[in-house]
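Colleague: Input structure: final.pdb, which contains PDB, C-alpha atoms and all ligand atoms.
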ATOM      1  CA  MET A  20     -40.120  23.098 -13.190
ATOM      2  CA  ALA A  21     -38.542  21.964  -9.938
ATOM      3  CA  LYS A  22     -34.779  22.026  -9.962
ATOM      4  CA  THR A  23     -32.982  18.896  -8.885
ATOM      5  CA  PHE A  24     -29.715  19.304  -7.039
ATOM      6  CA  LYS A  25     -27.134  16.598  -7.291
ATOM      7  CA  ARG A  26     -25.085  16.381  -4.137
ATOM      8  CA  LYS A  27     -21.415  17.095  -4.816
ATOM      9  CA  LYS A  28     -19.177  14.113  -4.260
ATOM     10  CA  LEU A  29     -16.516  14.990  -1.744
ATOM     11  CA  THR A  30     -12.813  14.339  -1.515
ATOM     12  CA  ILE A  31     -12.121  13.128   2.010
ATOM     13  CA  ALA A  32      -8.627  12.918   3.498
ATOM     14  CA  ILE A  33      -7.708  10.750   6.468
ATOM     15  CA  ASP A  34      -4.211  11.228   7.890
ATOM     16  CA  GLY A  35      -2.384   9.783  10.829
ATOM     17  CA  PRO A  36       0.353   7.318  11.790
ATOM     18  CA  SER A  37       0.339   3.513  11.370
ATOM     19  CA  GLY A  38      -2.106   1.556  13.476
ATOM     20  CA  ALA A  39      -4.265   4.546  14.425
ATOM     21  CA  GLY A  40      -7.304   2.956  12.775
ATOM     22  CA  LYS A  41      -7.289   4.956   9.533
ATOM     23  CA  SER A  42      -8.122   2.069   7.235
ATOM     24  CA  THR A  43     -10.972   0.785   9.413
ATOM     25  CA  VAL A  44     -12.531   4.242   9.515
ATOM     26  CA  ALA A  45     -11.867   4.943   5.828
ATOM     27  CA  ARG A  46     -13.392   1.636   4.743
ATOM     28  CA  SER A  47     -16.512   2.028   6.818
ATOM     29  CA  LEU A  48     -17.001   5.642   5.710
ATOM     30  CA  ALA A  49     -16.538   4.624   2.064
ATOM     31  CA  LYS A  50     -19.197   1.949   2.499
ATOM     32  CA  ARG A  51     -21.674   4.377   4.090
ATOM     33  CA  LEU A  52     -21.167   6.998   1.393
ATOM     34  CA  GLY A  53     -20.721   4.671  -1.583
ATOM     35  CA  TYR A  54     -17.268   6.178  -2.203
ATOM     36  CA  VAL A  55     -14.022   4.545  -3.332
ATOM     37  CA  TYR A  56     -11.495   3.923  -0.590
ATOM     38  CA  ILE A  57      -7.883   4.539  -1.639
ATOM     39  CA  ASP A  58      -5.210   3.094   0.627
ATOM     40  CA  THR A  59      -2.141   5.142  -0.325
ATOM     41  CA  GLY A  60       0.173   3.041   1.854
ATOM     42  CA  ALA A  61      -0.738   0.099  -0.377
ATOM     43  CA  MET A  62       0.546   2.114  -3.339
ATOM     44  CA  TYR A  63       3.981   2.571  -1.712
ATOM     45  CA  ARG A  64       3.941  -1.111  -0.801
ATOM     46  CA  SER A  65       3.099  -2.086  -4.384
ATOM     47  CA  VAL A  66       6.021  -0.059  -5.717
ATOM     48  CA  ALA A  67       8.236  -1.894  -3.218
ATOM     49  CA  LEU A  68       6.905  -5.246  -4.414
ATOM     50  CA  ARG A  69       7.653  -4.309  -8.034
ATOM     51  CA  VAL A  70      11.151  -3.139  -7.081
ATOM     52  CA  LYS A  71      11.780  -6.522  -5.520
ATOM     53  CA  GLU A  72      10.260  -8.503  -8.409
ATOM     54  CA  LYS A  73      12.223  -6.565 -10.998
ATOM     55  CA  GLY A  74      15.451  -6.686  -9.033
ATOM     56  CA  ILE A  75      15.838  -2.881  -9.119
ATOM     57  CA  SER A  76      18.051  -1.279  -6.516
ATOM     58  CA  PRO A  77      15.897   0.616  -3.979
ATOM     59  CA  GLU A  78      18.517   3.366  -4.119
ATOM     60  CA  ASP A  79      18.149   3.873  -7.856
ATOM     61  CA  GLU A  80      15.884   6.948  -7.808
ATOM     62  CA  VAL A  81      16.205   7.414 -11.554
ATOM     63  CA  ALA A  82      14.652   3.982 -12.168
ATOM     64  CA  LEU A  83      12.145   4.216  -9.322
ATOM     65  CA  ASN A  84      10.297   7.303 -10.558
ATOM     66  CA  PRO A  85       9.196   5.911 -13.962
ATOM     67  CA  LEU A  86       8.475   2.537 -12.378
ATOM     68  CA  ALA A  87       6.144   4.128  -9.798
ATOM     69  CA  ALA A  88       4.529   6.390 -12.418
ATOM     70  CA  SER A  89       3.842   3.456 -14.766
ATOM     71  CA  LEU A  90       1.767   1.423 -12.304
ATOM     72  CA  HIS A  91      -2.034   1.280 -12.459
ATOM     73  CA  PHE A  92      -3.976   0.823  -9.259
ATOM     74  CA  SER A  93      -7.525  -0.197  -8.443
ATOM     75  CA  PHE A  94      -9.081  -0.693  -5.040
ATOM     76  CA  ILE A  95     -12.035  -3.024  -4.591
ATOM     77  CA  THR A  96     -13.625  -3.155  -1.163
ATOM     78  CA  GLN A  97     -15.687  -6.218  -0.276
ATOM     79  CA  GLY A  98     -16.914  -6.262   3.318
ATOM     80  CA  GLU A  99     -13.944  -5.797   5.644
ATOM     81  CA  GLN A 100     -11.386  -6.571   2.972
ATOM     82  CA  THR A 101      -9.978  -4.156   0.398
ATOM     83  CA  HIS A 102      -8.319  -5.803  -2.575
ATOM     84  CA  VAL A 103      -5.419  -3.924  -4.082
ATOM     85  CA  LEU A 104      -4.871  -4.483  -7.779
ATOM     86  CA  CYS A 105      -1.588  -3.331  -9.255
ATOM     87  CA  ASP A 106      -1.507  -3.560 -13.051
ATOM     88  CA  GLY A 107      -4.499  -5.879 -12.792
ATOM     89  CA  LYS A 108      -2.804  -8.296 -10.400
ATOM     90  CA  ASP A 109      -4.189  -8.821  -6.894
ATOM     91  CA  VAL A 110      -1.292  -7.927  -4.569
ATOM     92  CA  THR A 111      -3.356  -7.624  -1.371
ATOM     93  CA  GLU A 112      -1.473 -10.355   0.507
ATOM     94  CA  ALA A 113       1.942 -10.011  -1.111
ATOM     95  CA  ILE A 114       2.374  -6.362  -0.060
ATOM     96  CA  ARG A 115       1.809  -7.095   3.648
ATOM     97  CA  ILE A 116       4.795  -9.292   4.383
ATOM     98  CA  PRO A 117       7.478  -7.769   6.677
ATOM     99  CA  GLU A 118      10.119  -7.661   3.936
ATOM    100  CA  ILE A 119       7.858  -5.514   1.740
ATOM    101  CA  SER A 120       6.910  -3.334   4.734
ATOM    102  CA  ARG A 121      10.592  -2.568   5.264
ATOM    103  CA  LEU A 122      11.239  -1.944   1.588
ATOM    104  CA  ALA A 123       8.130   0.288   1.318
ATOM    105  CA  SER A 124       9.356   2.286   4.274
ATOM    106  CA  TYR A 125      12.707   2.755   2.576
ATOM    107  CA  ILE A 126      11.467   3.677  -0.882
ATOM    108  CA  SER A 127       8.761   5.991   0.489
ATOM    109  CA  LYS A 128      11.596   8.312   1.559
ATOM    110  CA  GLN A 129      12.711   8.763  -2.042
ATOM    111  CA  GLN A 130      11.454  12.126  -3.236
ATOM    112  CA  ARG A 131      10.965  10.980  -6.819
ATOM    113  CA  VAL A 132       8.819   8.039  -5.767
ATOM    114  CA  ARG A 133       6.688  10.392  -3.685
ATOM    115  CA  GLU A 134       6.323  12.809  -6.610
ATOM    116  CA  ALA A 135       5.046  10.045  -8.895
ATOM    117  CA  LEU A 136       2.565   8.668  -6.368
ATOM    118  CA  VAL A 137       1.349  12.046  -5.119
ATOM    119  CA  GLN A 138       0.555  13.082  -8.684
ATOM    120  CA  MET A 139      -1.324   9.828  -9.240
ATOM    121  CA  GLN A 140      -3.268  10.244  -5.998
ATOM    122  CA  ARG A 141      -4.305  13.786  -6.978
ATOM    123  CA  GLU A 142      -5.552  12.428 -10.288
ATOM    124  CA  MET A 143      -7.512   9.656  -8.561
ATOM    125  CA  GLY A 144      -9.140  12.084  -6.122
ATOM    126  CA  LYS A 145      -9.858  15.133  -8.236
ATOM    127  CA  GLU A 146     -13.417  14.166  -9.252
ATOM    128  CA  GLY A 147     -14.458  13.504  -5.648
ATOM    129  CA  GLY A 148     -16.330  10.471  -4.363
ATOM    130  CA  VAL A 149     -13.145   9.144  -2.791
ATOM    131  CA  ILE A 150     -11.635   8.664   0.624
ATOM    132  CA  LEU A 151      -7.871   8.792   0.575
ATOM    133  CA  GLU A 152      -6.006   7.472   3.544
ATOM    134  CA  GLY A 153      -2.334   7.996   4.351
ATOM    135  CA  ARG A 154       0.020  10.071   6.404
ATOM    136  CA  ASP A 155       0.390  13.034   4.041
ATOM    137  CA  ILE A 156      -3.010  13.221   2.346
ATOM    138  CA  GLY A 157      -4.444  16.249   4.135
ATOM    139  CA  THR A 158      -1.123  18.099   4.287
ATOM    140  CA  VAL A 159       0.565  17.413   0.926
ATOM    141  CA  VAL A 160      -1.698  15.537  -1.481
ATOM    142  CA  PHE A 161      -5.025  17.299  -0.868
ATOM    143  CA  PRO A 162      -4.441  20.269   1.433
ATOM    144  CA  ASP A 163      -7.784  21.628   0.185
ATOM    145  CA  ALA A 164      -9.755  18.399   0.583
ATOM    146  CA  ASP A 165     -13.437  18.961   1.324
ATOM    147  CA  VAL A 166     -13.133  17.128   4.630
ATOM    148  CA  LYS A 167      -9.954  16.284   6.530
ATOM    149  CA  PHE A 168      -9.524  13.968   9.495
ATOM    150  CA  TYR A 169      -6.426  13.279  11.566
ATOM    151  CA  LEU A 170      -6.515  10.047  13.555
ATOM    152  CA  ASP A 171      -4.026   9.137  16.262
ATOM    153  CA  ALA A 172      -3.710   6.696  19.173
ATOM    154  CA  GLU A 173      -1.173   5.858  21.897
ATOM    155  CA  SER A 174       1.819   4.057  20.430
ATOM    156  CA  ASP A 175       1.256   0.838  22.484
ATOM    157  CA  GLU A 176      -2.272   0.660  21.167
ATOM    158  CA  ARG A 177      -1.101   1.249  17.623
ATOM    159  CA  VAL A 178       1.424  -1.627  17.895
ATOM    160  CA  ARG A 179      -1.273  -3.903  19.295
ATOM    161  CA  ARG A 180      -3.661  -3.040  16.486
ATOM    162  CA  ARG A 181      -1.019  -3.511  13.796
ATOM    163  CA  TYR A 182       0.040  -6.849  15.283
ATOM    164  CA  HIS A 183      -3.526  -8.188  15.409
ATOM    165  CA  GLU A 184      -4.203  -6.935  11.888
ATOM    166  CA  MET A 185      -1.223  -8.950  10.600
ATOM    167  CA  VAL A 186      -2.180 -12.069  12.599
ATOM    168  CA  GLN A 187      -5.720 -11.865  11.246
ATOM    169  CA  LYS A 188      -4.345 -11.693   7.731
ATOM    170  CA  GLY A 189      -2.429 -14.899   8.414
ATOM    171  CA  VAL A 190       0.980 -13.183   8.251
ATOM    172  CA  LYS A 191       3.578 -14.653  10.626
ATOM    173  CA  VAL A 192       4.778 -11.770  12.776
ATOM    174  CA  ASP A 193       6.602 -11.157  15.982
ATOM    175  CA  PHE A 194       5.242  -8.564  18.442
ATOM    176  CA  LYS A 195       8.657  -6.974  19.094
ATOM    177  CA  GLU A 196       9.384  -6.834  15.383
ATOM    178  CA  THR A 197       6.026  -5.148  14.761
ATOM    179  CA  GLN A 198       6.865  -2.602  17.452
ATOM    180  CA  GLU A 199      10.262  -1.834  15.931
ATOM    181  CA  GLU A 200       8.820  -1.523  12.446
ATOM    182  CA  LEU A 201       6.115   0.847  13.611
ATOM    183  CA  VAL A 202       8.643   3.101  15.318
ATOM    184  CA  GLN A 203      10.767   3.060  12.180
ATOM    185  CA  ARG A 204       7.808   3.789   9.905
ATOM    186  CA  ASP A 205       6.676   6.691  12.081
ATOM    187  CA  HIS A 206      10.141   8.121  11.874
TER     188      HIS A 206
HETATM  189  O1  LIG B   1       0.383   2.730   6.074
HETATM  190  P1  LIG B   1       1.280   1.645   5.537
HETATM  191  O2  LIG B   1       2.099   0.990   6.615
HETATM  192  O3  LIG B   1       0.567   0.626   4.693
HETATM  193  O4  LIG B   1       2.321   2.396   4.570
HETATM  194  C1  LIG B   1       3.366   1.710   3.915
HETATM  195  C2  LIG B   1       4.592   2.612   3.847
HETATM  196  O5  LIG B   1       4.380   3.737   2.986
HETATM  197  C3  LIG B   1       4.999   3.181   5.196
HETATM  198  O6  LIG B   1       6.397   3.088   5.326
HETATM  199  C4  LIG B   1       4.574   4.623   5.136
HETATM  200  C5  LIG B   1       4.586   4.963   3.684
HETATM  201  N1  LIG B   1       3.524   5.884   3.308
HETATM  202  C6  LIG B   1       3.870   7.165   2.965
HETATM  203  O7  LIG B   1       5.049   7.517   3.037
HETATM  204  N2  LIG B   1       2.907   8.032   2.551
HETATM  205  C7  LIG B   1       1.608   7.654   2.481
HETATM  206  N3  LIG B   1       0.680   8.489   2.052
HETATM  207  C8  LIG B   1       1.252   6.326   2.850
HETATM  208  C9  LIG B   1       2.242   5.474   3.265
END
Go ahead and render the structure in this file as structure tokens.
Ligand code: DC
Modeller:
Amino acid sequence: MAKTFKRKKLTIAIDGPSGAGKSTVARSLAKRLGYVYIDTGAMYRSVALRVKEKGISPEDEVALNPLAASLHFSFITQGEQTHVLCDGKDVTEAIRIPEISRLASYISKQQRVREALVQMQREMGKEGGVILEGRDIGTVVFPDADVKFYLDAESDERVRRRYHEMVQKGVKVDFKETQEELVQRDH
């Protein structure tokens, strides 16, 4: 009897700084392969949104770890848009505003927030069939990913891309502000 081989579903990591084109590449690859695209930046942003909604101090690491660990995420990609659901609520738009970008940048430096989200990301990716995108995926989260990409671009180009991405999403942004935020996020 002929043996049938099922192709192993891969875990693919895409790293690189903001505005390098990671999400565009990740989304289109996910579509081609029929994989789930996981935007890990959206997870940090969602924690920031919850911190704001709940009125928790962003410095309170003791409260931030269980908060981050308690959240449930799903990612639904439709065409060019990926919807981020946090505890069943669509937060796609809410997590993109500049205030949440700043807060996400701040809380993503907290070690205990990172621990909670990294553990969750490993869980989400362990069965394969996923593309995880973020700045530490190939180095910290999945150093042994089946395939790893690192995307980069000149900083001016990255600012331009980020700015147009926000404008397209209908978010009111200032070019200079976008530039400053990108420099801060890279740091
Ligand atoms: O890529 P982004 O701008 O959506 O990410 C939001 C914030 O989360 C940003 O400050 C970088 C941080 N981040 C992180 O620390 N680790 C990741 N894997 C993804 C994002």
Colleague: For the structure provided, state which residues fall under the PyMOL selection byres (((not hetatm)) within 8 of (chain B and resi 1)), and present them as a ChimeraX atom specification.
Modeller: /A:36-38,58-64,115,120-125,127-128,133,152-156,204-205
Colleague: Which is closer to Pro85 (chain A) than all the others in A:Leu52, A:Val103, A:Leu151, A:Val132, using all atoms listed in the file?
Modeller: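 Smallest separation from Pro85 (chain A) among the options: A:Val132.
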Colleague: Which one is closest to Asp34 (chain A): A:Asp165, A:Asp106, A:Glu112, A:Asp171? Count only C-alpha atoms.
Modeller: A:Asp171
Colleague: What's the separation between CA of Arg177 (chain A) and CA of Val44 (chain A), in Å to one decimal place?
Modeller: 14.3 Å
Colleague: Which residue is closest to Gly40 (chain A)? Choose from A:Lys25, A:Arg69, A:Lys191, A:Arg179 and count only C-alpha atoms.
Modeller: A:Arg179
Colleague: Return the single residue from A:Val160, A:Val178, A:Gly107, A:Leu48 that is closest to Phe194 (chain A), with distances computed using only C-alpha atoms.
Modeller: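 Using only C-alpha atoms, Phe194 (chain A) sits closest to A:Val178.
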Colleague: Quick one: residues within 7 Å of region 90-101 of chain A, only C-alpha atoms, excluding same-chain residues fewer than 4 positions away - as a ChimeraX atom specification?
Modeller: /A:56-57,86,105-106
Colleague: Between CA of Val149 (chain A) and CA of Val202 (chain A), what distance in Å does the model show, to one decimal?
Modeller: 29.0 Å
Colleague: List as a PyMOL selection string the protein and nucleic acid residues near Val166 (chain A), meaning an atom at most 10 Å away when all atoms listed in the file are counted, but skip any in the same chain fewer than 3 places from it.
Modeller: chain A and resi 29-33+150+157+161-163
Colleague: Check the smallest atom-to-atom distance from each of A:Glu184, A:Lys28, A:Ile126, A:Val190 to Ala49 (chain A) using all atoms listed in the file, then report the winner.
Modeller: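 Among the listed residues, A:Lys28 lies closest to Ala49 (chain A).
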